[in-house]
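K.L.:
A single structure is presented below for examination.
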Amino acid sequence: MSLIRPFAGLRPLPARAAEVVAPPYDVLNSAEARERAAGRPWSFLHISKAEIDLPVDTDPYDPAVYAKSAENLQKMLDEGILVRDSKPCYYAYRLIMNGHSQIGLVAVASVKDYDSNRIRKHEFTRPAKEDDRVRQIEALNAQTGPVLLAYQSQADIDAILAQVATTQPVVDVTADDGVQHTFWMIDDDATIAKITAGFDAMPAIYIADGHHRSASASRVAKTRQGSGEDNSDYFLSVIYPHTQMNILDYNRVVTDLNGLSKNELLASIKKSFSVSVESAAVSPAHEAEFGMYLDGQWYHLNINADLIPNDPVKRLDVSLLADHLIEPLLGISDPRTDNRIDFVGGIRGLAELEKRVASGNMALAFSLYPTSMEALMAVADAGEVMPPKSTWFEPKLADGLVSHVLD
């Protein structure tokens, strides 16, 4: 049983791809999805967020939503908008955003290797979100949302993908957010064999984003009790070399100072951090550095070096900030459930932090240095779990470029 294998992808006709490709299902709420799909009958949002075709107050988890999703998929098949490839293939998928380019492999990955932790995890999952993806897979008999994976960069695999990128793509579209999505088919048997062998030689690959999608695929595979080589024993994935992955900062905003005055908070922070006043927004340049925006003023924080432990989770910047400031001083012990803290993806910029504080809804904000892929892999290799909201990957994979049918 291979770590990855090719598959016969269900894809839009190249001439219709721009009409189909849509943002991932989990980056838009129902209202945003409805707006984005307006006037676009073939947008994949009609499959991934099918509540947009039901009454506005429909619960996204209502059984009617999954039924509508299946109906919309069948309509796109009947109209010839989506067509399944005639043979199992690999595909190459390049993303370009703001000058950053990354090219990865589209494949299906082994549920067995996920279950044995050869495909390594770094996050907990929530049952409700797993349940949602299980219902979606079962309703469609297909996996439509790819899991974002990473492999430790290998020169031979990287070279194959780079060579593929010199050929004519089957799809090349620029989404309305400016991200360019380019897609190639890899159907040469010798190249397919080289790629499969290259991945089989790897000790592990890593989930970057998509823990709920991979967990739900595992649940479906167990329900179907296949031979181990059935389509349901593999899950849709896009796998990039770790050196090309782009992780942005994932910043924090907090509603209040936990009963402290500004001066009391600053005095307490100085017990664990060096603090300097800055005249401009602080974007940390290194690990263990932080920016803080409080009362219209930016501060630069450096944690004391002796507080950085030799532990893959505890030494993460999100952990250092939580363990030495947010929890002991601001009284927030569980960021998963405490509504006094919120999270702002780095794609929104530091001006968003200033805006949230200036609105009066938040009292202070923290800017962080992005978590590295090496740090993520170290946590996964240790069998540990990262704190919530540790990574923000950009650019995002599109939904609709290819799906994995489970029959």
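Identifiers in this document derive from the order of the structure tokens: chains are assigned A, B, ..., residues are numbered from 1 separately in each chain, and ligands are numbered from 1 in order of occurrence.
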Tell me, as a VMD selection string, which residues lie within 12 Å of stretch 334-342 of chain A, counting only C-alpha atoms; anything in the same chain fewer than 4 positions away does not count.
P.N.:
chain A and resid 124 to 126 250 to 258 318 to 319 321 to 323 326 to 328 330 353 356 to 357 361 to 366 387 to 390
K.L.:
Generate the output file for the selected residues, C-alpha atoms, as a PDB file, in the first residue's frame.
P.N.:
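Okay, this is what ended up in selection.pdb:
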ATOM      1  CA  PHE A 124      -6.957  18.604  17.638  1.00  0.00           C
ATOM      2  CA  THR A 125     -10.223  18.288  15.721  1.00  0.00           C
ATOM      3  CA  ARG A 126     -13.767  19.143  16.769  1.00  0.00           C
ATOM      4  CA  TYR A 250      -1.556  34.757  13.397  1.00  0.00           C
ATOM      5  CA  ASN A 251      -2.153  37.675  15.744  1.00  0.00           C
ATOM      6  CA  ARG A 252      -4.186  38.141  18.911  1.00  0.00           C
ATOM      7  CA  VAL A 253      -6.598  40.790  20.218  1.00  0.00           C
ATOM      8  CA  VAL A 254      -7.942  40.912  23.779  1.00  0.00           C
ATOM      9  CA  THR A 255     -11.028  42.671  25.081  1.00  0.00           C
ATOM     10  CA  ASP A 256      -9.711  44.061  28.414  1.00  0.00           C
ATOM     11  CA  LEU A 257      -6.711  44.297  30.729  1.00  0.00           C
ATOM     12  CA  ASN A 258      -8.120  41.884  33.326  1.00  0.00           C
ATOM     13  CA  VAL A 318       2.188  31.447  20.515  1.00  0.00           C
ATOM     14  CA  SER A 319       3.038  29.379  23.610  1.00  0.00           C
ATOM     15  CA  LEU A 321       3.027  34.717  24.697  1.00  0.00           C
ATOM     16  CA  ALA A 322       0.249  32.610  26.231  1.00  0.00           C
ATOM     17  CA  ASP A 323       2.337  31.172  29.081  1.00  0.00           C
ATOM     18  CA  ILE A 326      -1.896  36.210  28.144  1.00  0.00           C
ATOM     19  CA  GLU A 327      -2.655  33.592  30.789  1.00  0.00           C
ATOM     20  CA  PRO A 328      -0.861  34.879  33.933  1.00  0.00           C
ATOM     21  CA  LEU A 330      -4.721  38.723  31.317  1.00  0.00           C
ATOM     22  CA  LEU A 353      -5.088  45.205  14.846  1.00  0.00           C
ATOM     23  CA  ARG A 356      -9.913  46.458  16.296  1.00  0.00           C
ATOM     24  CA  VAL A 357      -8.468  48.308  19.289  1.00  0.00           C
ATOM     25  CA  ASN A 361     -14.228  46.337  21.207  1.00  0.00           C
ATOM     26  CA  MET A 362     -10.661  45.336  22.041  1.00  0.00           C
ATOM     27  CA  ALA A 363      -8.262  46.815  24.562  1.00  0.00           C
ATOM     28  CA  LEU A 364      -4.954  45.563  23.210  1.00  0.00           C
ATOM     29  CA  ALA A 365      -3.424  43.560  20.376  1.00  0.00           C
ATOM     30  CA  PHE A 366      -0.343  41.416  19.875  1.00  0.00           C
ATOM     31  CA  PRO A 387      -1.861  25.654  20.437  1.00  0.00           C
ATOM     32  CA  PRO A 388      -4.969  26.871  18.587  1.00  0.00           C
ATOM     33  CA  LYS A 389      -4.503  29.460  15.875  1.00  0.00           C
ATOM     34  CA  SER A 390      -0.760  28.877  15.485  1.00  0.00           C
TER      35      SER A 390
END
K.L.:
Residues of stretch 99-338 of chain A classed as alpha helix (DSSP H) by DSSP on the backbone are to be reported as a ChimeraX atom specification.
P.N.:
/A:111-115,127-140,155-164,189-200,211-224,262-269,317-321
K.L.:
Write a file of the just-selected residues containing C-alpha atoms, as a short mmCIF file (atom, residue, chain, number, x, y, z; two decimals), in the first residue's frame.
P.N.:
data_model
loop_
_atom_site.label_atom_id
_atom_site.label_comp_id
_atom_site.auth_asym_id
_atom_site.auth_seq_id
_atom_site.Cartn_x
_atom_site.Cartn_y
_atom_site.Cartn_z
CA VAL A 111 -5.81 6.67 5.27
CA LYS A 112 -3.82 3.78 6.75
CA ASP A 113 -0.72 6.00 6.92
CA TYR A 114 -2.82 8.78 8.43
CA ASP A 115 -4.09 6.40 11.09
CA PRO A 127 -16.44 16.43 16.43
CA ALA A 128 -19.05 18.76 14.93
CA LYS A 129 -16.71 19.80 12.11
CA GLU A 130 -15.70 16.19 11.51
CA ASP A 131 -19.36 15.18 11.37
CA ASP A 132 -20.03 17.87 8.79
CA ARG A 133 -17.27 16.64 6.47
CA VAL A 134 -18.33 13.00 6.90
CA ARG A 135 -21.89 13.89 5.86
CA GLN A 136 -20.60 15.87 2.89
CA ILE A 137 -18.37 13.01 1.69
CA GLU A 138 -21.15 10.47 2.07
CA ALA A 139 -23.71 12.68 0.32
CA LEU A 140 -21.44 13.26 -2.68
CA ALA A 155 15.48 17.36 -4.93
CA ASP A 156 14.16 14.62 -7.24
CA ILE A 157 10.48 15.30 -6.54
CA ASP A 158 11.00 19.07 -6.63
CA ALA A 159 12.74 18.71 -10.02
CA ILE A 160 9.87 16.69 -11.50
CA LEU A 161 7.36 19.33 -10.45
CA ALA A 162 9.57 22.14 -11.75
CA GLN A 163 9.86 20.39 -15.11
CA VAL A 164 6.10 19.86 -15.32
CA ASP A 189 3.44 6.21 -16.44
CA ALA A 190 7.19 6.43 -15.86
CA THR A 191 6.87 9.81 -14.14
CA ILE A 192 3.97 8.54 -12.04
CA ALA A 193 6.10 5.57 -10.92
CA LYS A 194 9.02 7.85 -9.98
CA ILE A 195 6.78 10.10 -7.91
CA THR A 196 5.13 7.17 -6.12
CA ALA A 197 8.51 5.60 -5.31
CA GLY A 198 9.90 8.94 -4.13
CA PHE A 199 7.10 9.41 -1.63
CA ASP A 200 7.20 5.78 -0.52
CA HIS A 211 -7.18 18.14 9.93
CA HIS A 212 -10.98 17.83 9.85
CA ARG A 213 -11.01 16.73 6.21
CA SER A 214 -8.40 14.04 6.81
CA ALA A 215 -10.07 12.86 10.03
CA SER A 216 -13.43 12.61 8.28
CA ALA A 217 -11.87 10.62 5.43
CA SER A 218 -10.52 8.17 8.00
CA ARG A 219 -13.99 7.81 9.53
CA VAL A 220 -15.58 7.16 6.15
CA ALA A 221 -12.93 4.55 5.32
CA LYS A 222 -13.65 2.71 8.57
CA THR A 223 -17.39 2.73 7.83
CA ARG A 224 -16.88 1.34 4.35
CA LYS A 262 -2.02 50.24 31.66
CA ASN A 263 0.94 51.00 33.90
CA GLU A 264 0.33 47.93 36.07
CA LEU A 265 0.20 45.72 32.98
CA LEU A 266 3.40 47.18 31.55
CA ALA A 267 5.20 46.76 34.87
CA SER A 268 4.15 43.10 35.03
CA ILE A 269 5.17 42.46 31.42
CA ASP A 317 5.92 32.05 20.05
CA VAL A 318 2.19 31.45 20.52
CA SER A 319 3.04 29.38 23.61
CA LEU A 320 5.54 31.88 25.01
CA LEU A 321 3.03 34.72 24.70
#
K.L.:
Give me the residues within 9 Å of A:Asn231 as a list in words, counting only C-alpha atoms and dropping any in the same chain fewer than 6 places off.
P.N.:
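The residues that qualify are Phe7, Val108, Ala221, His404, Val405, Leu406 and Asp407 of chain A.
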K.L.:
Can you write out the residues you just picked, keeping C-alpha atoms, as a CSV table (one decimal), in the first residue's frame?
P.N.:
chain,number,residue,atom,x,y,z
A,7,PHE,CA,-6.4,9.0,-9.1
A,108,VAL,CA,-4.6,10.9,-2.9
A,221,ALA,CA,-12.9,4.6,5.3
A,404,HIS,CA,-11.8,12.5,-5.7
A,405,VAL,CA,-14.7,10.1,-6.4
A,406,LEU,CA,-15.0,7.2,-4.0
A,407,ASP,CA,-16.6,4.5,-6.1
K.L.:
Pick out the residues sitting within 12 Å of stretch 175-177 of chain A, and hand them over as number ranges by chain; count only C-alpha atoms, and ignore anything fewer than 2 positions along from it in its own chain.
P.N.:
A: 17-23, 36-37, 43, 95-98, 172-173, 179-182, 347, 394-399, 401
K.L.:
Within stretch 144-274 of chain A, find each residue whose DSSP state, derived from the backbone, is strand (DSSP E or B), and express the selection as a PyMOL selection string.
P.N.:
chain A and resi 147-151+171-174+180-186+205-209+234-241+247-248+250-254+273-274
K.L.:
Would you mind telling me which residue in A:Val56, A:Lys121, A:Asn141, A:Tyr91 lies nearest to A:Gln74 when using only C-alpha atoms?
P.N.:
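Smallest separation from A:Gln74 among the options: A:Asn141.
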K.L.:
Provide the atom CA of A:Gly331 to atom CA of A:Ser274 distance in Å, to one decimal place.
P.N.:
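Going from atom CA of A:Gly331 over to atom CA of A:Ser274 covers 20.9 Å.
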K.L.:
In Å to one decimal, how far is atom CA of A:Asp249 from atom CA of A:Ala351?
P.N.:
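It comes out at 13.5 Å.
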K.L.:
Can you work out which one of A:Thr391, A:Thr371, A:Ala15, A:Leu54 has the shortest atom-to-atom distance to A:Phe343, counting only C-alpha atoms?
P.N.:
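The closest residue to A:Phe343 is A:Thr391.
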K.L.:
Measuring between only C-alpha atoms, which one of A:Phe273, A:Thr174, A:Gly145, A:Leu13 shows the shortest distance to A:Ile81?
P.N.:
A:Leu13
K.L.:
List as number ranges by chain the protein and nucleic acid residues near stretch 29-32 of chain A, meaning an atom at most 10 Å away when only C-alpha atoms are counted, but skip any in the same chain fewer than 6 places from it.
P.N.:
A: 45, 49-52, 56-60
K.L.:
Enter the distance from atom CA of A:Asn246 to atom CA of A:Leu149, in Å, rounded to one decimal.
P.N.:
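Atom-to-atom, atom CA of A:Asn246 to atom CA of A:Leu149, that is 12.4 Å.
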K.L.:
At a cut-off of 6 Å, using only C-alpha atoms, what residues contact A:Val106? Leave out same-chain residues fewer than 4 positions from it and give the result as a list of chain:residue names.
P.N.:
A:Tyr90, A:Tyr91, A:Ala92, A:Ser237, A:Val238
K.L.:
Could you pull the residues within 8 Å of A:Arg11, counting only C-alpha atoms, minus those fewer than 4 positions along the same chain, as a list in words?
P.N.:
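Once the adjacent positions are removed, what remains is Leu82, Val83, Arg84, Asp85, Gly400, Leu401, Val402 and Ser403 of chain A.
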K.L.:
Between A:Thr144, A:Ser48, A:Val277, A:Gln297, single out the one closest to A:Val27, counting only C-alpha atoms.
P.N.:
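Nearest candidate to A:Val27 out of A:Thr144, A:Ser48, A:Val277, A:Gln297: A:Ser48.
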K.L.:
Could you check which of A:Leu248, A:Pro14, A:Gly296, A:Glu35 is closest to A:Val171, using only C-alpha atoms?
P.N.:
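Among the listed residues, the smallest separation from A:Val171 belongs to A:Pro14.
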K.L.:
Measuring atom to atom with only C-alpha atoms, identify which of A:Ala33, A:Met245, A:Val385, A:Leu368 is nearest to A:Ala288.
P.N.:
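Residue with the minimum atom-to-atom distance to A:Ala288: A:Leu368.
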